[in-house]
Amino acid sequence: MTDNTEISREAKPLDFIRQIIAEDLRSGKHQQTVTRFPPEPNGFLHIGHAKSICLNFGIALENNSPCHLRFDDTNPSKEESAYVESIKRDVKWLGFDWGQDLFYASDYFDRLYGYAIQLIKLGKAYVCELSAEEIRAYRGTLTEPGKESPYRNRTIEENLDLFQRMKDGEFDEGSRVLRAKIDMGSPNLNMRDPVIYRILKVAHHRTGNTWCIYPMYDYTHCISDAIEGITHSLCTLEFEDHRPLYDWFLDTLKTACHPRQIEFARLNLTYTVMSKRKILQLVQGDYVQGWDDPRMLTISGLRRRGYSASAIRKFCTDIGIGKKESWIDMSVLENAVRDDLNETAPRVLVVLNPLKVIIDNYPQGQSEEMEAQNHPQRPEMGSRKIPFSREIYIERDDFMEDPPKKFFRLGPDREVRLRYGYFIRCVSVVKDAASGEITEIHCTYDPETRGGSAPDGRKVKGTIHWVSAAHAIQCPVRLYDRLFLTENPDADKQVDFKEHLNPNSLTILDNCMLEPSLAKAQAGESFQFERHGYFCADLISSQPGAPAFNRTVTLRDSWIKTDKS
RNA sequence: UGGGGGAUGGUCUAAUGGUAAGACAGCGGACUCUGACUCCGCUUAUCGAGGUUCGAGCCCUCGUCCCCCAGCCA
């Protein structure tokens, strides 16, 4: 990371979490902060995780202190090391560095087991033989207290023996659990003797078959935080009810370190779904082409789509941190990437839907090179040559036979400027006799207007992009649109969210014409296709000399919004 | 009819007893060899009712609405 301030949001007022931290530092409660990002390796990271990553690692950067990457891997039936690798890659790509502080909850399985024995010896945990269904029934409801398990008052010795035998694999899955002994009458259901260990005869991605009992999240998370000396344990709102339990474990075990859990609102974005479960469904049901499908708001999908890490970081600081459930408009994300790419992306000319233009008075067989700026606002980015010749392609949308008043582009007997080229005037239109479709148009050019201005001072309102037909590189371009048609695909619980999928979220154009300089586009490189938007050479399907492009985001377009009649 | 949270323009976020501010979106205009960028201007908000106070988005009381919790998931 070269520039911390970019990540660390200098000017913005402190959010409520940073205020708490500032106060803890000021009062001397803590000398430094230690935060952590604790993903479960059961899927790919998405934009919602980015919010948490930017928060936790951002705080670390601001305070020159560590942020741990800790995998919360206590449920081997859902977790895989492939996910671990993808998560590490994505956090790194986002620009963050955990240094030496890479941890796994599974690193603590021995200590967690020891703490459980301690709990038993304290008379605060017991082995319960109720079935899952019975435990649920005994738990009571939101308005009625639970009932105590008949196994609740076993002796410490008996519990120790049974727990040992659970660990040794003597019992079947589901036949016994270890429970904390708290309060079956608590209005907080999390405190009604929660399960802390269950039997799972499943191999773990790191510990293999060493264990057949695995600790639950509530038990594991607080102890892992305490072991690592975390000062502020930041999580999402749904864990608010778990905080008393988090505190109970640490108080009961009298750990030396007792981190403070603080909850903030998770990210919701319009026109998408954020839950891992639903994202998994899209991947496994082939509604998209994998976790890194550019329509997905996974980190890997966004990367392939052409989002820069800095755009994602900017988005995360833009949206802020709060405690109320919020829905961020997709336009905020799009704005962040436009802002970023506008600064950095070289400009190029690309015709997406070609229409052949023949310049009747331009000499046959001649061509010349026109000078084009790589970034008009940033001369230091230099310029390049683009070939011009008698036959060119322009955008089909840039010609209308019967244009409305405010159409500044080409039409019969109208004149436009070719970007970095000449003024041309349309003299005739050729159509396919059968279909009536325009197949080519004929124009004349004004040799005096080379470079784009007329010595006689006449103005043209429109400037359009073009590519020399003889020099163009034909290329596929994928146009992406939002994956869902409705703002909140989850809103109606009666309707499956997949019903709201946008059938036109992907459009493949295979006859696009690139200016020749794009032959050397590197996979992953971003460009602005002038008058269209930002595009990046696809990470996977681009070949040297034969790129394929993904549209990251369109340019803002006030023309499509105007009343064209 | 339990418990835990939350309500500021269309959407987010700020204002921490003292002029309700910024971003996104929207609308209008200027500029323009990208209908982009940039610039300028505008519309739009403190959930309700009481109270405390010289002064309340902020404090108090009573309401209303929304979200979360009954996994051997995290």
# chains A, B, ... in the order shown; residues from 1 in each chain; ligands from 1
call {"tool": "closest_atom_pairs", "arguments": {"of": "chain B", "to": "chain A", "cutoff": "9 Å", "atoms": "only C-alpha atoms (C1' of nucleotides)", "output": "Markdown table"}}
result
| residue | atom | partner | partner_atom | distance |
| --- | --- | --- | --- | --- |
| B:U1 | C1' | A:Thr143 | CA | 7.8 |
| B:G2 | C1' | A:Thr143 | CA | 4.2 |
| B:G3 | C1' | A:Pro187 | CA | 5.0 |
| B:G4 | C1' | A:Asp241 | CA | 5.6 |
| B:G5 | C1' | A:Glu240 | CA | 7.6 |
| B:G6 | C1' | A:Lys324 | CA | 5.3 |
| B:A7 | C1' | A:Lys324 | CA | 8.1 |
| B:U11 | C1' | A:Asp329 | CA | 6.0 |
| B:C12 | C1' | A:Ile319 | CA | 6.0 |
| B:U13 | C1' | A:Gly320 | CA | 5.9 |
| B:A14 | C1' | A:Pro13 | CA | 7.2 |
| B:A23 | C1' | A:Asp318 | CA | 7.1 |
| B:C24 | C1' | A:Val332 | CA | 5.4 |
| B:A25 | C1' | A:Ser331 | CA | 7.6 |
| B:C33 | C1' | A:Arg419 | CA | 5.8 |
| B:U34 | C1' | A:Arg531 | CA | 5.0 |
| B:G35 | C1' | A:Trp559 | CA | 5.2 |
| B:A36 | C1' | A:Leu555 | CA | 6.2 |
| B:C37 | C1' | A:Asn342 | CA | 7.6 |
| B:C67 | C1' | A:Glu325 | CA | 7.0 |
| B:C68 | C1' | A:Glu238 | CA | 5.6 |
| B:C69 | C1' | A:Asp241 | CA | 6.9 |
| B:A70 | C1' | A:Thr141 | CA | 5.1 |
| B:C72 | C1' | A:Arg198 | CA | 5.4 |
| B:C73 | C1' | A:Asn75 | CA | 7.9 |
| B:A74 | C1' | A:Tyr217 | CA | 6.3 |
call {"tool": "select_by_dssp", "arguments": {"residues": "segment 155-278 of chain A", "states": "strand (DSSP E)", "output": "PyMOL selection string"}}
result
chain A and resi 177-180+195-199+213-215+232-236+260-264
call {"tool": "closest_residue", "arguments": {"among": "A:Ala180, A:Ala256, A:Ile279, A:Ala454", "to": "Thr231 of chain A", "atoms": "only C-alpha atoms"}}
result
A:Ala256
call {"tool": "atom_distance", "arguments": {"atom1": "atom C1' of C59 of chain B", "atom2": "atom C1' of A15 of chain B"}}
result
16.2 Å
call {"tool": "atom_distance", "arguments": {"atom1": "atom CA of Ile540 of chain A", "atom2": "atom CA of Val288 of chain A"}}
result
15.6 Å
call {"tool": "residues_around", "arguments": {"residues": "Met166 of chain A", "least_positions_apart": "3", "cutoff": "8 Å", "atoms": "only C-alpha atoms (C1' of nucleotides)", "output": "mmCIF file with N, CA, C and O atoms, in the first residue's frame"}}
result
data_model
loop_
_atom_site.group_PDB
_atom_site.id
_atom_site.type_symbol
_atom_site.label_atom_id
_atom_site.label_comp_id
_atom_site.auth_asym_id
_atom_site.auth_seq_id
_atom_site.Cartn_x
_atom_site.Cartn_y
_atom_site.Cartn_z
ATOM 1 N N LEU A 162 -17.858 -38.009 30.009
ATOM 2 C CA LEU A 162 -18.656 -38.028 28.780
ATOM 3 C C LEU A 162 -18.030 -37.144 27.689
ATOM 4 O O LEU A 162 -17.986 -37.504 26.506
ATOM 5 N N PHE A 163 -17.544 -35.999 28.083
ATOM 6 C CA PHE A 163 -16.961 -35.076 27.100
ATOM 7 C C PHE A 163 -15.697 -35.685 26.486
ATOM 8 O O PHE A 163 -15.471 -35.613 25.284
ATOM 9 N N GLY A 169 -14.643 -40.112 20.081
ATOM 10 C CA GLY A 169 -15.421 -40.689 18.989
ATOM 11 C C GLY A 169 -16.302 -41.844 19.399
ATOM 12 O O GLY A 169 -16.753 -42.611 18.548
ATOM 13 N N GLU A 170 -16.563 -41.974 20.681
ATOM 14 C CA GLU A 170 -17.396 -43.084 21.142
ATOM 15 C C GLU A 170 -18.859 -42.947 20.757
ATOM 16 O O GLU A 170 -19.593 -43.929 20.713
ATOM 17 N N PHE A 171 -19.284 -41.706 20.541
ATOM 18 C CA PHE A 171 -20.723 -41.470 20.316
ATOM 19 C C PHE A 171 -21.032 -41.055 18.887
ATOM 20 O O PHE A 171 -20.183 -40.506 18.173
ATOM 21 N N ARG A 176 -25.010 -36.468 21.354
ATOM 22 C CA ARG A 176 -24.659 -35.684 22.536
ATOM 23 C C ARG A 176 -24.050 -34.355 22.124
ATOM 24 O O ARG A 176 -23.409 -34.251 21.083
ATOM 25 N N ILE A 199 -20.841 -33.106 17.884
ATOM 26 C CA ILE A 199 -20.065 -34.189 17.263
ATOM 27 C C ILE A 199 -20.270 -34.111 15.753
ATOM 28 O O ILE A 199 -21.412 -34.062 15.266
ATOM 29 N N CYS A 212 -13.362 -35.018 16.187
ATOM 30 C CA CYS A 212 -14.719 -35.356 15.740
ATOM 31 C C CYS A 212 -15.733 -34.523 16.525
ATOM 32 O O CYS A 212 -16.937 -34.691 16.387
ATOM 33 N N ILE A 213 -15.208 -33.635 17.378
ATOM 34 C CA ILE A 213 -16.103 -32.656 18.005
ATOM 35 C C ILE A 213 -15.582 -31.279 17.599
ATOM 36 O O ILE A 213 -14.370 -31.067 17.496
#
call {"tool": "atom_distance", "arguments": {"atom1": "atom CA of Leu518 of chain A", "atom2": "atom CA of Leu302 of chain A"}}
result
22.1 Å
